[in-house]
$ cat target-v4.tsv   # TSV, C-alpha atoms
chain	number	residue	atom	x	y	z
X	1	MET	CA	0.70	5.47	4.64
X	2	ALA	CA	-2.31	3.23	4.74
X	3	ASN	CA	-5.74	3.33	6.26
X	4	LEU	CA	-8.12	0.63	7.50
X	5	TRP	CA	-11.36	-0.30	5.81
X	6	LYS	CA	-14.50	-2.29	6.47
X	7	MET	CA	-15.03	-5.09	3.99
X	8	SER	CA	-18.25	-4.69	1.99
X	9	GLN	CA	-19.63	-5.74	-1.36
X	10	HIS	CA	-21.81	-3.59	-3.58
X	11	GLY	CA	-23.65	-4.67	-6.67
X	12	THR	CA	-24.73	-1.21	-7.79
X	13	LYS	CA	-22.78	1.27	-9.87
X	14	LYS	CA	-21.08	3.78	-7.59
X	15	ARG	CA	-21.29	7.51	-8.21
X	16	LYS	CA	-18.02	9.08	-9.32
X	17	LEU	CA	-16.63	11.47	-6.71
X	18	ASP	CA	-15.24	14.85	-7.71
X	19	ARG	CA	-11.60	15.45	-6.85
X	20	SER	CA	-12.32	17.85	-3.97
X	21	THR	CA	-14.56	15.25	-2.31
X	22	GLU	CA	-11.94	12.56	-2.83
X	23	ASP	CA	-9.29	14.77	-1.24
X	24	TYR	CA	-11.51	15.75	1.69
X	25	MET	CA	-12.31	12.11	2.49
X	26	TYR	CA	-8.65	11.15	2.16
X	27	PHE	CA	-7.21	13.91	4.34
X	28	ASP	CA	-10.01	13.58	6.90
X	29	SER	CA	-9.05	9.93	7.39
X	30	TYR	CA	-5.66	11.13	8.67
X	31	SER	CA	-7.12	13.53	11.24
X	32	ASP	CA	-7.57	10.83	13.88
X	33	VAL	CA	-4.82	9.58	16.18
X	34	THR	CA	-5.31	5.88	15.43
X	35	ILE	CA	-3.68	5.74	12.00
X	36	HIS	CA	-0.67	7.74	13.21
X	37	GLU	CA	-0.29	5.48	16.22
X	38	GLU	CA	-0.39	2.47	13.94
X	39	MET	CA	2.20	3.87	11.53
X	40	ILE	CA	4.71	5.04	14.15
X	41	ALA	CA	4.28	1.80	16.13
X	42	ASP	CA	5.23	-0.09	12.96
X	43	THR	CA	8.90	-0.48	13.84
X	44	VAL	CA	9.84	-1.97	10.45
X	45	ARG	CA	8.49	1.14	8.73
X	46	THR	CA	9.67	3.81	11.16
X	47	ASN	CA	13.11	2.39	11.96
X	48	THR	CA	13.95	1.78	8.30
X	49	TYR	CA	12.97	5.35	7.42
X	50	ARG	CA	15.07	6.63	10.32
X	51	LEU	CA	18.11	4.59	9.25
X	52	GLY	CA	17.54	5.42	5.58
X	53	ILE	CA	17.59	9.14	6.40
X	54	PHE	CA	20.64	8.91	8.68
X	55	LYS	CA	22.59	6.81	6.17
X	56	ASN	CA	22.02	9.61	3.64
X	57	SER	CA	23.07	12.34	6.08
X	58	LYS	CA	25.88	13.48	3.76
X	59	SER	CA	23.23	14.43	1.20
X	60	ILE	CA	20.98	16.00	3.86
X	61	GLU	CA	23.40	17.93	6.08
X	62	GLY	CA	23.12	21.66	5.42
X	63	LYS	CA	20.49	21.05	2.70
X	64	VAL	CA	16.79	21.83	2.17
X	65	VAL	CA	14.30	18.99	2.55
X	66	LEU	CA	10.65	18.70	1.50
X	67	ASP	CA	8.57	16.18	3.48
X	68	VAL	CA	5.49	15.29	1.40
X	69	GLY	CA	2.53	14.24	3.56
X	70	ALA	CA	4.40	14.87	6.80
X	71	GLY	CA	1.70	13.65	9.18
X	72	THR	CA	2.98	14.06	12.75
X	73	GLY	CA	6.33	15.29	11.39
X	74	VAL	CA	8.43	12.33	12.50
X	75	LEU	CA	10.33	12.09	9.18
X	76	SER	CA	10.93	15.85	9.21
X	77	LEU	CA	12.43	15.49	12.68
X	78	PHE	CA	14.67	12.66	11.50
X	79	CYS	CA	15.90	14.92	8.67
X	80	ALA	CA	16.55	17.76	11.10
X	81	GLN	CA	18.48	15.37	13.35
X	82	ALA	CA	20.48	14.33	10.25
X	83	GLY	CA	21.59	17.96	9.85
X	84	ALA	CA	19.13	19.50	7.38
X	85	ARG	CA	19.34	23.30	7.20
X	86	LYS	CA	15.63	23.63	6.45
X	87	VAL	CA	12.71	21.19	6.32
X	88	TYR	CA	9.35	22.02	4.78
X	89	ALA	CA	6.82	19.63	6.35
X	90	VAL	CA	3.72	19.70	4.15
X	91	GLU	CA	0.56	18.14	5.60
X	92	ALA	CA	-2.99	18.88	4.46
X	93	SER	CA	-4.92	17.17	7.25
X	94	SER	CA	-5.60	18.66	10.69
X	95	ILE	CA	-2.85	16.46	12.16
X	96	ALA	CA	-0.56	19.27	10.98
X	97	ASP	CA	-1.57	21.15	14.13
X	98	GLN	CA	-0.12	18.34	16.21
X	99	ALA	CA	3.02	18.31	14.05
X	100	VAL	CA	3.58	21.97	15.00
X	101	ARG	CA	3.39	21.04	18.68
X	102	ILE	CA	5.74	18.07	18.24
X	103	VAL	CA	8.29	20.18	16.36
X	104	LYS	CA	8.19	22.80	19.11
X	105	LEU	CA	8.48	20.15	21.84
X	106	ASN	CA	11.66	18.90	20.16
X	107	GLN	CA	12.99	22.46	19.79
X	108	MET	CA	13.23	22.19	16.00
X	109	GLU	CA	10.95	25.11	15.06
X	110	ASP	CA	13.93	27.07	13.67
X	111	THR	CA	14.61	24.23	11.21
X	112	ILE	CA	11.20	22.71	10.46
X	113	GLU	CA	8.37	24.73	8.96
X	114	VAL	CA	5.02	22.93	9.02
X	115	ILE	CA	2.83	23.95	6.08
X	116	LYS	CA	-0.84	23.01	6.44
X	117	ALA	CA	-1.89	22.68	2.82
X	118	THR	CA	-2.02	20.27	-0.08
X	119	LEU	CA	1.32	19.81	-1.79
X	120	GLU	CA	-0.06	20.93	-5.13
X	121	THR	CA	-1.09	24.37	-3.77
X	122	ILE	CA	2.00	25.41	-1.80
X	123	GLU	CA	4.56	27.98	-2.87
X	124	LEU	CA	8.12	27.69	-1.56
X	125	THR	CA	10.76	30.40	-1.68
X	126	GLU	CA	13.45	27.96	-2.86
X	127	GLN	CA	14.09	24.67	-4.61
X	128	VAL	CA	14.83	21.66	-2.41
X	129	ASP	CA	17.75	19.23	-2.35
X	130	VAL	CA	15.86	16.25	-0.90
X	131	ILE	CA	12.31	14.92	-0.96
X	132	VAL	CA	11.27	12.46	1.73
X	133	SER	CA	7.85	10.87	1.91
X	134	GLU	CA	6.07	7.85	3.33
X	135	TRP	CA	3.55	7.68	0.51
X	136	MET	CA	2.84	3.96	0.24
X	137	GLY	CA	-0.69	2.61	0.58
X	138	TYR	CA	-2.07	-0.90	0.53
X	139	ALA	CA	-0.80	-2.77	-2.54
X	140	LEU	CA	1.62	0.17	-2.80
X	141	LEU	CA	-0.59	2.50	-4.85
X	142	HIS	CA	-3.82	2.79	-2.88
X	143	GLU	CA	-4.45	6.43	-1.91
X	144	SER	CA	-2.52	7.72	-4.92
X	145	MET	CA	-0.11	9.75	-2.79
X	146	LEU	CA	2.82	8.93	-5.03
X	147	ASN	CA	1.29	11.36	-7.53
X	148	SER	CA	2.01	14.20	-5.09
X	149	VAL	CA	5.61	13.05	-4.68
X	150	ILE	CA	6.08	13.10	-8.47
X	151	PHE	CA	4.46	16.54	-8.63
X	152	ALA	CA	6.88	17.76	-5.94
X	153	ARG	CA	9.83	16.20	-7.77
X	154	ASP	CA	8.97	17.92	-11.04
X	155	LYS	CA	8.27	21.32	-9.48
X	156	TRP	CA	10.57	21.67	-6.46
X	157	LEU	CA	13.49	19.21	-6.59
X	158	LYS	CA	16.83	20.49	-7.83
X	159	PRO	CA	18.41	18.57	-10.74
X	160	GLY	CA	20.26	15.57	-9.30
X	161	GLY	CA	18.37	15.88	-6.01
X	162	LEU	CA	17.67	12.95	-3.70
X	163	ILE	CA	14.32	11.17	-3.22
X	164	LEU	CA	13.85	8.97	-0.15
X	165	PRO	CA	12.93	6.20	-0.76
X	166	SER	CA	14.09	6.11	-4.36
X	167	ARG	CA	12.58	2.89	-5.72
X	168	ALA	CA	9.55	0.66	-5.27
X	169	ASP	CA	8.99	-2.93	-6.40
X	170	LEU	CA	5.78	-4.96	-6.63
X	171	TYR	CA	5.49	-8.74	-6.18
X	172	ILE	CA	2.85	-11.42	-6.58
X	173	ALA	CA	2.53	-15.08	-5.57
X	174	PRO	CA	-0.29	-17.66	-5.38
X	175	ILE	CA	-1.40	-18.60	-1.85
X	176	ASN	CA	-3.41	-21.20	0.00
X	177	ASP	CA	-5.86	-19.96	2.67
X	178	LEU	CA	-6.76	-22.58	5.27
X	179	VAL	CA	-9.03	-20.13	7.12
X	180	VAL	CA	-11.18	-19.63	4.03
X	181	GLU	CA	-11.11	-23.37	3.37
X	182	GLY	CA	-12.33	-23.98	6.91
X	183	ARG	CA	-15.10	-21.41	6.59
X	184	LEU	CA	-16.34	-22.99	3.38
X	185	ASN	CA	-16.20	-26.51	4.86
X	186	PHE	CA	-18.06	-25.34	7.98
X	187	TRP	CA	-21.47	-25.58	6.32
X	188	SER	CA	-20.97	-29.30	5.66
X	189	THR	CA	-20.37	-29.92	9.38
X	190	VAL	CA	-23.60	-28.33	10.64
X	191	LYS	CA	-25.71	-31.47	10.17
X	192	ALA	CA	-23.43	-33.58	12.36
X	193	GLN	CA	-23.57	-30.91	15.07
X	194	TYR	CA	-27.26	-29.92	14.99
X	195	GLY	CA	-29.09	-32.42	12.75
X	196	VAL	CA	-29.81	-29.77	10.10
X	197	ASP	CA	-28.22	-30.02	6.65
X	198	MET	CA	-26.92	-26.60	5.59
X	199	SER	CA	-24.38	-27.78	3.01
X	200	CYS	CA	-26.24	-25.79	0.32
X	201	MET	CA	-24.83	-22.65	1.98
X	202	THR	CA	-21.33	-23.46	0.72
X	203	ASP	CA	-21.76	-21.86	-2.72
X	204	PHE	CA	-23.30	-18.74	-1.16
X	205	ALA	CA	-20.45	-18.53	1.35
X	206	ARG	CA	-17.91	-18.86	-1.44
X	207	LYS	CA	-19.44	-15.94	-3.35
X	208	CYS	CA	-19.43	-13.80	-0.19
X	209	ILE	CA	-15.90	-14.65	0.93
X	210	MET	CA	-14.07	-15.06	-2.38
X	211	ASN	CA	-15.43	-11.80	-3.76
X	212	LYS	CA	-13.98	-8.91	-5.76
X	213	ASP	CA	-12.70	-6.93	-2.78
X	214	ILE	CA	-9.01	-6.27	-2.26
X	215	THR	CA	-8.62	-7.88	1.15
X	216	VAL	CA	-5.84	-6.74	3.47
X	217	ASN	CA	-4.64	-9.58	5.69
X	218	PRO	CA	-1.34	-10.93	6.99
X	219	VAL	CA	-0.27	-13.97	4.96
X	220	THR	CA	1.93	-16.60	6.60
X	221	VAL	CA	5.01	-18.02	4.91
X	222	GLU	CA	3.43	-21.49	4.97
X	223	ASP	CA	0.54	-20.25	2.81
X	224	VAL	CA	2.74	-18.99	-0.04
X	225	LEU	CA	2.84	-21.57	-2.83
X	226	SER	CA	5.70	-20.31	-5.00
X	227	HIS	CA	8.73	-18.08	-5.09
X	228	PRO	CA	7.82	-14.38	-5.31
X	229	CYS	CA	7.45	-12.91	-8.79
X	230	LYS	CA	8.44	-9.27	-9.24
X	231	PHE	CA	6.13	-7.75	-11.82
X	232	ALA	CA	6.85	-4.01	-11.63
X	233	GLU	CA	9.59	-1.60	-10.59
X	234	LEU	CA	9.13	2.15	-10.10
X	235	ASP	CA	12.15	4.45	-10.18
X	236	LEU	CA	10.98	7.56	-8.35
X	237	ASN	CA	13.56	9.64	-10.16
X	238	THR	CA	12.01	8.97	-13.56
X	239	VAL	CA	8.48	7.52	-13.23
X	240	THR	CA	5.76	9.73	-14.71
X	241	LEU	CA	2.17	10.43	-13.69
X	242	GLU	CA	1.05	8.85	-16.95
X	243	GLN	CA	2.87	5.62	-16.08
X	244	LEU	CA	1.20	5.56	-12.65
X	245	GLY	CA	-2.15	5.48	-14.44
X	246	ASP	CA	-1.57	1.81	-15.31
X	247	VAL	CA	1.20	-0.08	-13.53
X	248	ARG	CA	1.34	-3.52	-15.05
X	249	GLY	CA	3.57	-6.53	-15.50
X	250	VAL	CA	3.67	-10.24	-16.20
X	251	PHE	CA	4.39	-13.08	-13.81
X	252	SER	CA	5.26	-16.76	-14.06
X	253	CYS	CA	5.98	-19.22	-11.27
X	254	ARG	CA	5.76	-22.90	-10.36
X	255	CYS	CA	4.05	-24.25	-7.26
X	256	PHE	CA	6.06	-25.83	-4.45
X	257	GLY	CA	3.84	-28.89	-3.93
X	258	SER	CA	0.31	-30.31	-3.78
X	259	SER	CA	-2.15	-27.75	-2.46
X	260	SER	CA	-5.07	-25.49	-3.45
X	261	ILE	CA	-4.72	-21.94	-4.72
X	262	HIS	CA	-7.35	-19.75	-3.12
X	263	ALA	CA	-5.90	-16.35	-3.99
X	264	PHE	CA	-3.04	-14.24	-5.23
X	265	CYS	CA	-1.06	-12.22	-2.74
X	266	VAL	CA	0.44	-8.83	-3.69
X	267	TRP	CA	3.06	-6.93	-1.71
X	268	PHE	CA	5.78	-4.33	-2.19
X	269	THR	CA	9.19	-3.12	-1.13
X	270	VAL	CA	10.69	0.37	-1.15
X	271	THR	CA	14.42	1.00	-1.19
X	272	PHE	CA	16.63	3.72	0.27
X	273	PRO	CA	19.96	4.29	-1.47
X	274	ALA	CA	23.06	3.95	0.68
X	275	GLU	CA	26.83	4.01	0.13
X	276	GLU	CA	27.17	0.46	1.39
X	277	LYS	CA	24.06	-1.72	1.57
X	278	ALA	CA	20.69	-0.31	0.48
X	279	LEU	CA	17.95	-0.29	3.09
X	280	VAL	CA	14.60	-1.87	2.26
X	281	VAL	CA	11.13	-1.61	3.77
X	282	SER	CA	9.59	-4.96	2.86
X	283	THR	CA	5.95	-5.95	3.23
X	284	SER	CA	6.71	-9.50	2.11
X	285	PRO	CA	5.04	-12.42	3.92
X	286	PHE	CA	8.59	-13.77	4.25
X	287	LYS	CA	9.56	-10.76	6.40
X	288	PRO	CA	8.28	-9.36	9.73
X	289	GLU	CA	4.72	-8.07	9.53
X	290	THR	CA	4.05	-4.40	8.86
X	291	HIS	CA	0.84	-2.37	9.13
X	292	TRP	CA	0.45	-2.75	5.35
X	293	LYS	CA	0.20	-6.54	5.70
X	294	GLN	CA	-0.50	-7.99	2.21
X	295	ALA	CA	-3.20	-7.45	-0.42
X	296	VAL	CA	-5.10	-10.69	-1.02
X	297	LEU	CA	-7.03	-11.25	-4.26
X	298	TYR	CA	-9.37	-14.24	-4.04
X	299	LEU	CA	-10.15	-16.42	-7.05
X	300	ASP	CA	-13.80	-17.31	-7.68
X	301	ASP	CA	-12.98	-20.95	-6.88
X	302	ALA	CA	-10.00	-22.71	-5.38
X	303	VAL	CA	-7.79	-24.54	-7.87
X	304	ASP	CA	-5.91	-27.73	-6.96
X	305	VAL	CA	-2.23	-27.76	-7.93
X	306	MET	CA	0.71	-30.14	-7.71
X	307	GLN	CA	4.46	-29.78	-7.52
X	308	ASP	CA	5.68	-27.57	-10.39
X	309	THR	CA	2.20	-26.61	-11.62
X	310	LYS	CA	2.78	-23.47	-13.67
X	311	VAL	CA	0.96	-20.26	-12.75
X	312	GLU	CA	1.34	-17.33	-15.11
X	313	GLY	CA	-0.43	-14.19	-16.16
X	314	GLU	CA	-0.56	-10.41	-16.24
X	315	ILE	CA	-1.50	-7.97	-13.48
X	316	SER	CA	-2.48	-4.32	-13.74
X	317	LEU	CA	-2.97	-1.67	-11.02
X	318	TYR	CA	-4.89	1.46	-11.96
X	319	PRO	CA	-7.10	4.16	-10.34
X	320	SER	CA	-10.79	3.49	-9.79
X	321	GLU	CA	-13.19	5.39	-12.02
X	322	GLU	CA	-15.32	6.26	-8.98
X	323	ASP	CA	-12.48	7.52	-6.76
X	324	SER	CA	-9.06	8.11	-8.26
X	325	ARG	CA	-7.40	7.69	-4.85
X	326	HIS	CA	-8.61	4.07	-4.74
X	327	ILE	CA	-6.94	1.41	-6.84
X	328	CYS	CA	-8.33	-1.44	-8.89
X	329	ILE	CA	-6.33	-4.55	-9.66
X	330	ARG	CA	-6.98	-6.75	-12.68
X	331	VAL	CA	-5.40	-10.20	-12.93
X	332	ASP	CA	-5.45	-12.34	-16.07
X	333	TYR	CA	-4.06	-15.76	-15.22
X	334	VAL	CA	-3.63	-19.37	-16.26
X	335	ILE	CA	-3.14	-22.15	-13.71
X	336	GLY	CA	-1.76	-25.40	-15.11
X	337	GLU	CA	-3.87	-26.69	-18.00
X	338	GLN	CA	-6.89	-24.58	-17.16
X	339	LYS	CA	-8.30	-21.92	-19.46
X	340	LYS	CA	-7.32	-18.30	-18.99
X	341	GLN	CA	-9.28	-16.55	-16.25
X	342	SER	CA	-9.71	-12.84	-15.49
X	343	LYS	CA	-10.88	-11.02	-12.39
X	344	THR	CA	-10.92	-7.35	-11.38
X	345	PHE	CA	-10.67	-6.31	-7.74
X	346	SER	CA	-11.39	-3.00	-6.05
X	347	ILE	CA	-11.18	-1.26	-2.69
X	348	PRO	CA	-14.37	-1.54	-0.60
X	349	ASP	CA	-16.23	1.71	-0.03
X	350	GLN	CA	-16.55	2.04	3.71
X	351	TYR	CA	-13.60	2.65	5.97
X	352	LEU	CA	-13.29	1.12	9.40
X	353	GLU	CA	-12.41	3.88	11.85
X	354	VAL	CA	-10.92	2.57	15.07
X	355	LYS	CA	-11.31	5.28	17.71
$ encode --input "target-v4.tsv" --output "structure tokens"
Amino acid sequence: MANLWKMSQHGTKKRKLDRSTEDYMYFDSYSDVTIHEEMIADTVRTNTYRLGIFKNSKSIEGKVVLDVGAGTGVLSLFCAQAGARKVYAVEASSIADQAVRIVKLNQMEDTIEVIKATLETIELTEQVDVIVSEWMGYALLHESMLNSVIFARDKWLKPGGLILPSRADLYIAPINDLVVEGRLNFWSTVKAQYGVDMSCMTDFARKCIMNKDITVNPVTVEDVLSHPCKFAELDLNTVTLEQLGDVRGVFSCRCFGSSSIHAFCVWFTVTFPAEEKALVVSTSPFKPETHWKQAVLYLDDAVDVMQDTKVEGEISLYPSEEDSRHICIRVDYVIGEQKKQSKTFSIPDQYLEVK
């Protein structure tokens, strides 16, 4: 799952939100049709989940399934179609009311029980054999929904039970951004067009554009300047809530050729186990675009590189102090012979609601 936000920059210290306010804002953002339309229309996401569930039908048939953050109930319906005896579809937002209607429309009300509540407050009459959830946010961990999946695993999943998907991997690579380059160069072209020199605006534009926001944009293959570096792997069968409090790793790569690094690009994959070939939802810029796109982390200044320039460092993803459902990303990096640099990025405050 992922929501859309308006890019903004704030210089003042933000007030920490209490957990109930965080949860209200989060669940309210899923009460509108737009985000559900976007997610279901994402064929990479929805088809891979469908195939991942069907390919695990032997583990689902006749079993009890818990769908964490069920939304419109589409994954619950896939599980019912795969032969589940019972599906508990847990959804805290008001979209649960629509899930009830969809389940009834598909004549699955004898199999699927929609529970309108937060996962942490429900009480089930039985343990479950399978947990399914589409919990991923931008840069994988935004929205902190994986915490609920881990809570469900520890409380409700039978020993040896199945989690779909079962693994997540995080990647990073340096990128060039010709759009940003063009926007910065624009101010040097104004004089030729209008006879007014506005080149002094370039530094101001750079500070505005290459800021500390986590920017969500599609990145083209041509913009990626190195092979992907995997810096973290999460096994959903064993990862703990404590470990999710600081997901970190190191990276090292060499650039493909002469260019300028404007940013780092972060993306993820999640994997469904299968008897033959595992199924993967990939948000890589090398794969078809998904609604998650990629998380772009702009440097303060572009850095020129050549073939085989080494880029290395450490990256850490952790919850924001102001809102634990929002992530921060810190990158410590060295490019070529330059000194070590550090920058911390965060999610902008205001969400863009497309009605």
$ atom_distance --input "target-v4.tsv" --atom1 "CA of Arg183 (chain X)" --atom2 "CA of Asp203 (chain X)"
11.5 Å
$ residues_near_point --input "target-v4.tsv" --point "(6.6, 6.4, 7.1)" --cutoff "12 Å" --atoms "only C-alpha atoms" --output "JSON, numbers by chain"
{"X": [1, 2, 35, 36, 37, 38, 39, 40, 41, 42, 43, 44, 45, 46, 47, 48, 49, 50, 51, 52, 53, 67, 68, 69, 70, 71, 72, 73, 74, 75, 76, 78, 132, 133, 134, 135, 136, 137, 164, 165, 270, 281, 290, 291, 292]}
$ closest_residue --input "target-v4.tsv" --among "X:His227, X:Lys277, X:Arg254, X:Lys212" --to "Val331 (chain X)" --atoms "all atoms listed in the file"
X:Lys212
$ residues_around --input "target-v4.tsv" --residues "region 59-63 of chain X" --least-positions-apart "6" --cutoff "9 Å" --atoms "only C-alpha atoms" --output "MDAnalysis selection string"
chainID X and resid 53 79:80 82:87 128:130 161:162
$ atom_distance --input "target-v4.tsv" --atom1 "CA of Ser320 (chain X)" --atom2 "CA of Ser148 (chain X)"
17.3 Å
$ residues_around --input "target-v4.tsv" --residues "Gly336 (chain X)" --least-positions-apart "5" --cutoff "7 Å" --atoms "all atoms listed in the file" --output "list of chain:residue names"
X:Thr309, X:Lys310, X:Val311
$ atom_distance --input "target-v4.tsv" --atom1 "CA of Thr118 (chain X)" --atom2 "CA of Leu141 (chain X)"
18.5 Å
